[in-house]
Amino acid sequence: MNFIQRTLFLFAFLPLLSLAQQKDKPVANWQNLDLVKDGVMGVSTERAYLELLKGKKGVPVVVAVIDGGVDTQHEDLKSVMWSNPSEVAGNNKDDDKNGFTDDIHGWNFIGSPQYSVQYDNLEVVRLIRKYREKYASVVNSTPLSPDERKEFNLYKQMVTDYMTKLENARMGYESTGILRKNVDSIASRIGKKQLTLDDFEQYKARNEIESKVLKVVKSELRKEHDYKKFKEDLDDAYKYYSSQVNYNLNIDFDPRDSVKDDYSNGAQYHYGNADVKGPDADHGTHVAGIIAADRHNNKGVKGVAENVQIMSVRTVPTGDERDKDVANAIRYAVDNGAKVINMSFGKSYSWDKHLVDSAVRYAASKDVLLVHAAGNDSKNTDIENNFPTRIFADSMDANFWGMNRKVSIVPGAGQRPMGSMGMPGSPRSNAAVKVEPDTLKFTKPKAENWIEVGASHWKNDDDLVASFSNYGRRSVDVFAPGVQINSTMPGSKYKENDGTSMAAPVVAGVAALIRSYYPSLTAVQVKDIIMKSVTKVDQKVKVKEDGSTKRVKFSDICISGGVVNAYNALQMAAGMQQRLSSK
C-alpha cells in the first residue's frame, strides 16, 4: 500500500514536492540474517541452523495458512505442502469422513462446489447494510432507548468511515487510471521494449498532464531503476482501487449467496470446496513461502522453517474476511493437526466476534498457537480496533469498544491538513486530536495462545518500525521483518512485498522451528520463549501518533520491547525443555 498512497500523493500534489532520495535495498534473505554477523535486523535464522541445529533432527509441524489461497504447485512450495493422509485426491469422496470432500491440501470456506469467491465487501459495508433499515432515516433528535442510541451512534460512525473510504477510493481509482493511461501512452510513443530513466528524461511532454506523469515516473525510477517493477506496482495500485470501488465498498454488491451456506447459522461447519488456491493466491502464496519455502532445492527463496507442512485454508477474499469463515478455518486447521496457525488479515469491525472467540478458545484447548498480523494502518491498536483480537468479547458488542474513550485537543501538536499542503491562504491548524486508549477492553479475558506481530525494517536505527505498521504497548507483542520481503508468488514466481502480513509468517516460522525441535513445549510456552528472547531495541524509534511523527521507546509500542530472534529463542527453548525433563 505504500506505493499506492505515494503515487496518488505524487500525482495530485507533485508541483509542491521535492524528489525522493534513492530507495535503499536490503541484502537478499535479510529477514533470516543476523544483526551482529550480517548488519541487518533479521531474526538470525541462518545462524541458528549453522550453530544450533546442525546435525539435529526435528519432527514435522503442520502450519495452517488462513489466507486467500496458496499455489500448491509452486516450485518452492510443492514439497512442503500438507497432504491429508486419509483422503484420496480427485475421487469426489469424503474418504476420511471429516465432512470435507477431497480436502487434500486444506479447504476453501469461501466457495461452493461450483464457484470460489474472489471479491467481497469490507465489513463496514456489511454492517451498514445490516443497520440501515433501522437507522437510515433516524436523526439525532429521534427518541431512542439508551441501547438504540448507542447502536445509532455506532451506525453513524460506520457511515462516516465508509464515506471517507469511498471518497479516497474513487479519487485513487480516477488518479491511478489517468496516470496508468498516460504512462502507457508515453511508453508506446517511446517505442522501446526495455525502458529506462534516460528514455523518460529524453521524452518531451506534449501537455501538462504528461508533464506531471513524467515527474512521477522519473521520481520513482530515480529511487529504483526498474521500469518493469514500477509498472507492476502501478497496475497493482489501479487494481486495488478498482476492487475498492466496484466490490469492497459497493453497497449493492454481496457475493455470499454463491457460497450456498446458511450464513445466519454460525454453527454451520461443512460448506465450501477443495480449491485451496482460488482465483487470487498472491497473498497466501507469499505468506506460505516466508514460513516454509524449500530450503534445500537451490531455487528461489528460503523459508524460515524446515520440517514444516503448509496447510492452506482459504478464507480471505479481496475484501474483508467473514467471522463465520475465520472461526471455521481455525477449527478445520486444529481438527486436522495444525500446531501453528498464521493469520495475516484484519479489519476494523467484527460481525460476530463471539464466534471467532469460541474458535480461538478451541485452538487453545488443543495446544495450537495463533500468530496474527497487527495491521498496516500506522495506528495505535491500543486505541483503534483491529479484529480479530486476542481479547475476548463479553455481552457488549466488540464494535462498541473505544466509543466512549476520552478525546481532547492538544494545542501546538498538530500539522497542516495534508490537502492544503501549506498553500497561501489555506486553513492552518497547530492543534491535534489526542485520543486516550480504551483501557476497559484490556481488563477482559484474553487468549494466551496468541501472538500479535508488528513489522520492522532491516536498519537498526530510528526507522526500525515500518512506516505502515500498527503498534501498541498493550496490544502488539513483538516486531518482525516486514519490509521488502522476497517470497513466493503463483506460477513459480517471486516478488518483494511489504506488510505486517509478511512479519507474522516470520514469527509463525520461528514458532514452527521451536515446535519441531522441542515438541514437548506447549503453545503458551513457545509464545513465552518468543517474547522473552527478542533482540531488545535500545534507541527510540519513529511512529505516527496524534497526527504527527514522534520518537518513542520501543517498549512503548509493543509488550516485549524487541524484534523476534530465532537463535535466542531456540537457545531458550533448549534450556526450558532440559529443565522440564529433569523434573
# chains A, B, ... in the order shown; residues from 1 in each chain; ligands from 1
>>> select_by_dssp(residues="segment 57-214 of chain A", states="strand (DSSP E)", output="PyMOL selection string")
chain A and resi 61-67+106-108+111-112+115-116
>>> residues_around(residues="Ser395 of chain A", least_positions_apart="5", cutoff="12 Å", atoms="only C-alpha atoms", output="ChimeraX atom specification")
/A:352-354,400-401,444
>>> residues_around(residues="segment 356-362 of chain A", least_positions_apart="5", cutoff="10 Å", atoms="only C-alpha atoms", output="MDAnalysis selection string")
chainID A and resid 266 322:332 334:335 350:351 367:370 387:393 446:450
>>> write_last_selection(atoms="N, CA and C atoms", output="CSV table (one decimal), in the first residue's frame")
chain,number,residue,atom,x,y,z
A,266,GLY,N,-24.2,-19.6,12.5
A,266,GLY,CA,-22.8,-19.6,12.8
A,266,GLY,C,-22.3,-20.9,13.2
A,322,ARG,N,-14.9,-13.0,6.6
A,322,ARG,CA,-16.1,-13.1,7.4
A,322,ARG,C,-15.8,-13.9,8.6
A,323,ASP,N,-16.4,-13.5,9.8
A,323,ASP,CA,-16.1,-14.1,11.0
A,323,ASP,C,-16.5,-15.6,11.0
A,324,LYS,N,-17.6,-15.9,10.4
A,324,LYS,CA,-18.0,-17.3,10.3
A,324,LYS,C,-16.9,-18.2,9.7
A,325,ASP,N,-16.4,-17.7,8.6
A,325,ASP,CA,-15.4,-18.4,7.8
A,325,ASP,C,-14.1,-18.5,8.6
A,326,VAL,N,-13.7,-17.4,9.3
A,326,VAL,CA,-12.5,-17.4,10.1
A,326,VAL,C,-12.6,-18.5,11.2
A,327,ALA,N,-13.7,-18.4,11.9
A,327,ALA,CA,-13.9,-19.4,13.0
A,327,ALA,C,-13.8,-20.8,12.5
A,328,ASN,N,-14.5,-21.1,11.4
A,328,ASN,CA,-14.4,-22.5,10.8
A,328,ASN,C,-13.0,-22.8,10.3
A,329,ALA,N,-12.3,-21.8,9.8
A,329,ALA,CA,-11.0,-22.1,9.3
A,329,ALA,C,-10.1,-22.5,10.5
A,330,ILE,N,-10.2,-21.8,11.6
A,330,ILE,CA,-9.4,-22.2,12.8
A,330,ILE,C,-9.7,-23.6,13.2
A,331,ARG,N,-11.0,-23.9,13.3
A,331,ARG,CA,-11.4,-25.2,13.7
A,331,ARG,C,-11.0,-26.3,12.8
A,332,TYR,N,-11.0,-26.0,11.5
A,332,TYR,CA,-10.6,-27.0,10.5
A,332,TYR,C,-9.1,-27.3,10.7
A,334,VAL,N,-7.2,-26.8,13.3
A,334,VAL,CA,-7.0,-27.6,14.6
A,334,VAL,C,-7.3,-29.0,14.4
A,335,ASP,N,-8.5,-29.3,13.9
A,335,ASP,CA,-9.0,-30.7,13.7
A,335,ASP,C,-8.1,-31.5,12.9
A,350,SER,N,-16.2,-6.1,13.4
A,350,SER,CA,-16.5,-7.5,13.5
A,350,SER,C,-18.0,-7.8,13.5
A,351,TRP,N,-18.4,-8.8,12.7
A,351,TRP,CA,-19.8,-9.2,12.6
A,351,TRP,C,-20.2,-10.0,13.8
A,367,ASP,N,-3.9,-26.9,22.2
A,367,ASP,CA,-2.5,-26.5,22.3
A,367,ASP,C,-2.0,-26.0,20.9
A,368,VAL,N,-2.8,-25.2,20.3
A,368,VAL,CA,-2.4,-24.6,19.0
A,368,VAL,C,-2.1,-23.1,19.1
A,369,LEU,N,-1.0,-22.7,18.5
A,369,LEU,CA,-0.5,-21.3,18.6
A,369,LEU,C,-1.1,-20.5,17.5
A,370,LEU,N,-1.6,-19.3,17.7
A,370,LEU,CA,-2.2,-18.4,16.7
A,370,LEU,C,-1.2,-17.2,16.6
A,387,PHE,N,-9.6,-6.3,14.3
A,387,PHE,CA,-10.1,-7.7,14.5
A,387,PHE,C,-9.6,-8.6,13.5
A,388,PRO,N,-9.4,-9.9,13.9
A,388,PRO,CA,-9.7,-10.5,15.2
A,388,PRO,C,-8.6,-10.1,16.2
A,389,THR,N,-8.9,-10.3,17.4
A,389,THR,CA,-8.0,-9.9,18.5
A,389,THR,C,-8.0,-10.9,19.6
A,390,ARG,N,-7.0,-11.0,20.4
A,390,ARG,CA,-6.9,-12.0,21.5
A,390,ARG,C,-7.9,-11.7,22.6
A,391,ILE,N,-8.3,-10.4,22.7
A,391,ILE,CA,-9.2,-10.1,23.8
A,391,ILE,C,-10.6,-10.6,23.5
A,392,PHE,N,-11.2,-11.3,24.5
A,392,PHE,CA,-12.5,-12.0,24.3
A,392,PHE,C,-13.6,-11.0,24.6
A,393,ALA,N,-14.6,-11.0,23.8
A,393,ALA,CA,-15.7,-10.1,24.0
A,393,ALA,C,-16.6,-10.6,25.1
A,446,LYS,N,-8.3,-12.8,27.9
A,446,LYS,CA,-7.7,-12.9,26.6
A,446,LYS,C,-7.0,-14.2,26.4
A,447,ALA,N,-6.8,-14.5,25.1
A,447,ALA,CA,-6.2,-15.8,24.7
A,447,ALA,C,-4.7,-15.7,25.0
A,448,GLU,N,-4.2,-16.7,25.7
A,448,GLU,CA,-2.7,-16.8,25.9
A,448,GLU,C,-2.0,-17.5,24.8
A,449,ASN,N,-2.7,-18.1,23.9
A,449,ASN,CA,-2.0,-18.8,22.8
A,449,ASN,C,-2.0,-17.9,21.5
A,450,TRP,N,-1.9,-16.6,21.7
A,450,TRP,CA,-2.0,-15.7,20.6
A,450,TRP,C,-0.8,-14.8,20.6
>>> residues_around(residues="Ser312 of chain A", least_positions_apart="2", cutoff="6 Å", atoms="only C-alpha atoms", output="list in words")
Ala64, Val65, Gly106 and Val276 of chain A
>>> atom_distance(atom1="atom CA of Gly278 of chain A", atom2="atom CA of Asp67 of chain A")
10.5 Å
>>> residues_around(residues="segment 193-207 of chain A", least_positions_apart="2", cutoff="7 Å", atoms="only C-alpha atoms", output="ChimeraX atom specification")
/A:191,209-211,214,218,221,225,227
>>> residues_around(residues="Tyr349 of chain A", least_positions_apart="5", cutoff="7 Å", atoms="only C-alpha atoms", output="VMD selection string")
chain A and resid 123 to 124 387 399
>>> closest_atom_pairs(of="segment 501-572 of chain A", to="segment 286-295 of chain A", cutoff="12 Å", atoms="only C-alpha atoms", output="tab-separated table")
residue	atom	partner	partner_atom	distance
A:Ser501	CA	A:Val287	CA	7.1
A:Met502	CA	A:Val287	CA	6.2
A:Ala503	CA	A:Ile290	CA	8.9
A:Ala504	CA	A:Val287	CA	8.5
A:Pro505	CA	A:Ile291	CA	5.3
A:Val506	CA	A:Ile291	CA	6.0
A:Val507	CA	A:Ile291	CA	8.2
A:Ala508	CA	A:Ile291	CA	6.6
A:Gly509	CA	A:Ile291	CA	4.6
A:Val510	CA	A:Ile291	CA	8.2
A:Ala511	CA	A:Ile291	CA	9.8
A:Ala512	CA	A:Ile291	CA	8.6
A:Leu513	CA	A:Ile291	CA	9.9
>>> residues_around(residues="Gln484 of chain A", least_positions_apart="6", cutoff="7 Å", atoms="only C-alpha atoms", output="ChimeraX atom specification")
/A:496-498
>>> closest_residue(among="A:Asp95, A:Asp76, A:Asp236, A:Asp103", to="Asn336 of chain A", atoms="only C-alpha atoms")
A:Asp103
>>> select_by_dssp(residues="segment 517-562 of chain A", states="alpha helix (DSSP H)", output="count of residues only")
11
>>> closest_atom_pairs(of="segment 314-419 of chain A", to="segment 459-468 of chain A", cutoff="10 Å", atoms="only C-alpha atoms", output="CSV")
residue,atom,partner,partner_atom,distance
A:Gly375,CA,A:Phe468,CA,8.2
A:Asn376,CA,A:Phe468,CA,5.0
A:Asp377,CA,A:Phe468,CA,5.7
A:Ser378,CA,A:Phe468,CA,4.6
A:Lys379,CA,A:Phe468,CA,8.3
>>> write_last_selection(atoms="C-alpha atoms", output="tab-separated table (two decimals), in the first residue's frame")
chain	number	residue	atom	x	y	z
A	375	GLY	CA	-2.23	-4.37	10.53
A	376	ASN	CA	-0.89	-1.74	8.14
A	377	ASP	CA	-2.66	1.49	9.10
A	378	SER	CA	0.15	3.19	11.06
A	379	LYS	CA	-2.19	3.22	14.06
